[in-house]
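Structure, as structure tokens:
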Amino acid sequence: MKRILNSRQMQKTDRYTIDVMQMPAMVLMEKAAEAVYEKLLDETFDRKRVLVLCGSGNNGGDGMAVARMLAIHEVDVELCLAGNPEHFTAESALQWKIAENYSVKVVKNPAWREYTTIIDALFGTGLSRPVSGKYAEWIEAVNASPARVLSVDIPSGVNSTTGQIMGHAVQADETVTFAFHKPGCLLYPGASYAGQVHLADVGIYAMAGDYTPDFRLLETADLQLLPPRAAEGNKGTFGKVLIIAGSADIYGAAYMCASAAFRAGAGMVKVLTARENRDILAARLPEAMISCYDGEDWRRQLDHGLQWADYIGAGPGLGTGERAVSLVQALLKSADKPLVIDADGLNILSGHRDCLAACHAPVILTPHMGEMSRFTGIPIQKLKEDPLYYSVALAKESGAIVVMKDARTVIGLPDGSARLNILGNSGMATAGSGDVLTGTILGCLGAGLTPENAASIGVLLHACAGDAAAKELGEVSLMAMDICSQLDNIGRETGEHAVKTAGRKIHGTQQNICKD
């Protein structure tokens, strides 16, 4: 899991590298410029005529150094300063002087449509106010240009901490970001402005002490946390999962959740559901045990299930009627084993928050944005403005692990840390996908992962399965059970790879993220 640093943390780390580790700022700037220059050597960039658009801060200084490197190698490059020279930092002032010494061509009124490549070095990670005036006009001119655009560290106008657009933002084709991932390049809408992101080592490393908050990016390599299947194990070894789901004649959510738990590795699955669902579930999923309630015998069935199970999931298709409310309340009061609460379970809890506070078992909540909004009372749009913050805030308040599902899924942990998943695709925005995720997390619990890792790796495994399904079927046609059907393939590949590479670090490929 690679570290993600917000704007404040990145500035603090920069200062630590320069002031404490005594790494000269100009050396860091040169290394950053070299990383950008090397990316420009890719065949994807036409260097016939290049514009480097700079601000007066250190991000602009990076751009000035890039312009000089291009000029030295006889590229037709022009340097344009959008900032005020009076506001130069010490490093950018020196880079401007060096560019003058090397006779880098400077323009004041760029012919925007004549460039084949534009380097965006206007604003870096420290931008804190909306873009306006000449800066906004020039950003829009960049976006209207036919040139291919490469942003330095982060697209100018994107908030580094939240990914929100600060009035106007550069629409980059690619971004070279330095040292650590930035939330602004990973969260929407900023992610859609960053294009393909390349992480470059420029000599800035983790400083001594703790990072607060500790944010991490999930990668395919993290699937190695799934332990290899024990050769001497039996069905009880791999976890007994109780799923409380479905209501009268509504069986689909329970079926998908239970199927996913099996596919993700659970050894045994029991579904506690309304009696009307017995026949259809027994026919569709004979591998599962079916425990049914009718009338007031639900309490006895629940108690038996809780004694039998190692892990419990509740909510998919459960409904929000009186019986469902009683089931969820009794579950949270009685359970002493890890719980995953989803769908209607969350909707019930939104009106009975006291039940969650009284629960003594580890709890994983898996709300999508609508459920999160109902649960917290915070409008969806506000949640989307800073999902890292809000998922962690609920986790700290409730003591539960919060898996806030969206195009980017955030796993907020009660200790204030978070993990971010950017894998997956739009085809996974389909009915039943959340039920499959709940089952996947339960299967990961059965595999022996801690609740924190089961939530994180469950999300990652689900996303990888969704990507595999989309590759085979396309995103438009994707259905929830297509994701489920790929879980065993992803899990099997991971298990075999883990055995073969035991003791060695596994390097994975991250969608939309490149390590240079």
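Ordering of the structure tokens sets the chain letters (A, B, ...); residue numbers start at 1 within each chain; ligands are numbered from 1 in the order shown.
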In segment 220-264 of chain A, what's strand (DSSP E or B) per DSSP? Answer as a ChimeraX atom specification? /A:240-244,247,250
Would you please extract all alpha helix (DSSP H) residues from segment 96-148 of chain A, as assigned by DSSP on the backbone, and give them as a list in words?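 Put together, the selection reads Trp96, Lys97, Ile98, Ala99, Glu100, Asn101, Gly133, Lys134, Tyr135, Ala136, Glu137, Trp138, Ile139, Glu140, Ala141, Val142, Asn143 and Ala144 of chain A.
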Those residues you just picked out, can you put them in a file as a PDB file, in the first residue's frame with C-alpha atoms?
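Listing of again-v7.pdb after writing:
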ATOM      1  CA  TRP A  96      14.534  31.761 -14.336  1.00  0.00           C
ATOM      2  CA  LYS A  97      18.025  33.248 -14.354  1.00  0.00           C
ATOM      3  CA  ILE A  98      19.538  29.930 -15.467  1.00  0.00           C
ATOM      4  CA  ALA A  99      16.975  29.706 -18.287  1.00  0.00           C
ATOM      5  CA  GLU A 100      18.002  33.219 -19.391  1.00  0.00           C
ATOM      6  CA  ASN A 101      21.664  32.190 -19.331  1.00  0.00           C
ATOM      7  CA  GLY A 133      -8.312  36.312 -13.890  1.00  0.00           C
ATOM      8  CA  LYS A 134      -5.482  35.739 -16.343  1.00  0.00           C
ATOM      9  CA  TYR A 135      -4.691  32.350 -14.827  1.00  0.00           C
ATOM     10  CA  ALA A 136      -8.204  31.120 -15.539  1.00  0.00           C
ATOM     11  CA  GLU A 137      -8.042  32.459 -19.100  1.00  0.00           C
ATOM     12  CA  TRP A 138      -4.757  30.713 -19.765  1.00  0.00           C
ATOM     13  CA  ILE A 139      -5.963  27.435 -18.306  1.00  0.00           C
ATOM     14  CA  GLU A 140      -8.966  27.535 -20.608  1.00  0.00           C
ATOM     15  CA  ALA A 141      -6.628  28.332 -23.512  1.00  0.00           C
ATOM     16  CA  VAL A 142      -4.541  25.257 -22.661  1.00  0.00           C
ATOM     17  CA  ASN A 143      -7.669  23.105 -22.554  1.00  0.00           C
ATOM     18  CA  ALA A 144      -8.824  24.446 -25.937  1.00  0.00           C
TER      19      ALA A 144
END
Excluding Ile401 of chain A and its own-chain neighbours fewer than 5 positions away, which residues fall within 6 Å of it when counting only C-alpha atoms? Please give them as a ChimeraX atom specification. /A:364,395,412-413
Can you spit out the residues from that selection as a PDB file, in the first residue's frame, using C-alpha atoms?
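What follows is the written file selection_0.pdb:
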ATOM      1  CA  ILE A 364     -17.618  -3.142   9.034  1.00  0.00           C
ATOM      2  CA  ALA A 395     -15.139   5.547  11.536  1.00  0.00           C
ATOM      3  CA  GLY A 412     -11.969   4.657   6.789  1.00  0.00           C
ATOM      4  CA  LEU A 413     -10.513   3.154   9.980  1.00  0.00           C
TER       5      LEU A 413
END
Would you mind listing what lies within 10 Å of Met372 of chain A as a PyMOL selection string, with only C-alpha atoms counted and same-chain residues fewer than 4 positions away left out? chain A and resi 346-347+350+365-368+376-380+383+390-391+394+402-405
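If you look at atom CA of Asp14 of chain A and atom CA of Val170 of chain A, they are 24.1 Å away from each other.
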Could you check which of A:Gly190, A:Gly195, A:Pro362, A:Gly439 is closest to Ala172 of chain A, using only C-alpha atoms?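 Counting only C-alpha atoms, the residue closest to Ala172 of chain A is A:Gly195.
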One number please: atom CA of Ala282 of chain A to atom CA of Ala343 of chain A, in Å, one decimal. 22.9 Å
Considering only C-alpha atoms, return as a ChimeraX atom specification whatever protein or nucleic-acid residues lie within 9 Å of Thr237 of chain A, sequence-local ones (same chain, fewer than 6 positions apart) excluded. /A:230,266-267,446-447
Tyr16 of chain A environment, 12 Å, only C-alpha atoms, sequence neighbours closer than 2 positions dropped, as a list in words: Gln9, Met10, Gln11, Lys12, Thr13, Asp14, Ile18, Asp19, Val20, Met21, Gln22, Met23, Pro24, Ala25, Gly203, Ile204, Tyr205, Ala206, Met207, Ala208 and Gly209 of chain A
Take the residues from that selection and put them in a file with C-alpha atoms, as a PDB file, in the first residue's frame.
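Below is the file that was written, part35.pdb:
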ATOM      1  CA  GLN A   9       1.822  16.644   4.610  1.00  0.00           C
ATOM      2  CA  MET A  10       3.671  17.092   1.327  1.00  0.00           C
ATOM      3  CA  GLN A  11       4.857  20.565   2.313  1.00  0.00           C
ATOM      4  CA  LYS A  12       5.989  19.256   5.680  1.00  0.00           C
ATOM      5  CA  THR A  13       7.900  16.407   4.028  1.00  0.00           C
ATOM      6  CA  ASP A  14       9.551  18.804   1.574  1.00  0.00           C
ATOM      7  CA  ILE A  18      15.535  20.246   2.830  1.00  0.00           C
ATOM      8  CA  ASP A  19      15.986  21.505   6.414  1.00  0.00           C
ATOM      9  CA  VAL A  20      16.713  18.332   8.355  1.00  0.00           C
ATOM     10  CA  MET A  21      18.166  15.962   5.783  1.00  0.00           C
ATOM     11  CA  GLN A  22      20.056  18.857   4.169  1.00  0.00           C
ATOM     12  CA  MET A  23      19.039  17.950   0.621  1.00  0.00           C
ATOM     13  CA  PRO A  24      19.340  21.224  -1.359  1.00  0.00           C
ATOM     14  CA  ALA A  25      16.044  22.434  -2.794  1.00  0.00           C
ATOM     15  CA  GLY A 203      14.767  12.188  -3.613  1.00  0.00           C
ATOM     16  CA  ILE A 204      11.980  13.100  -1.182  1.00  0.00           C
ATOM     17  CA  TYR A 205      11.397  10.289   1.274  1.00  0.00           C
ATOM     18  CA  ALA A 206       9.263   9.610   4.328  1.00  0.00           C
ATOM     19  CA  MET A 207      10.339  11.697   7.261  1.00  0.00           C
ATOM     20  CA  ALA A 208      10.836  10.455  10.809  1.00  0.00           C
ATOM     21  CA  GLY A 209       7.730  10.143  12.970  1.00  0.00           C
TER      22      GLY A 209
END
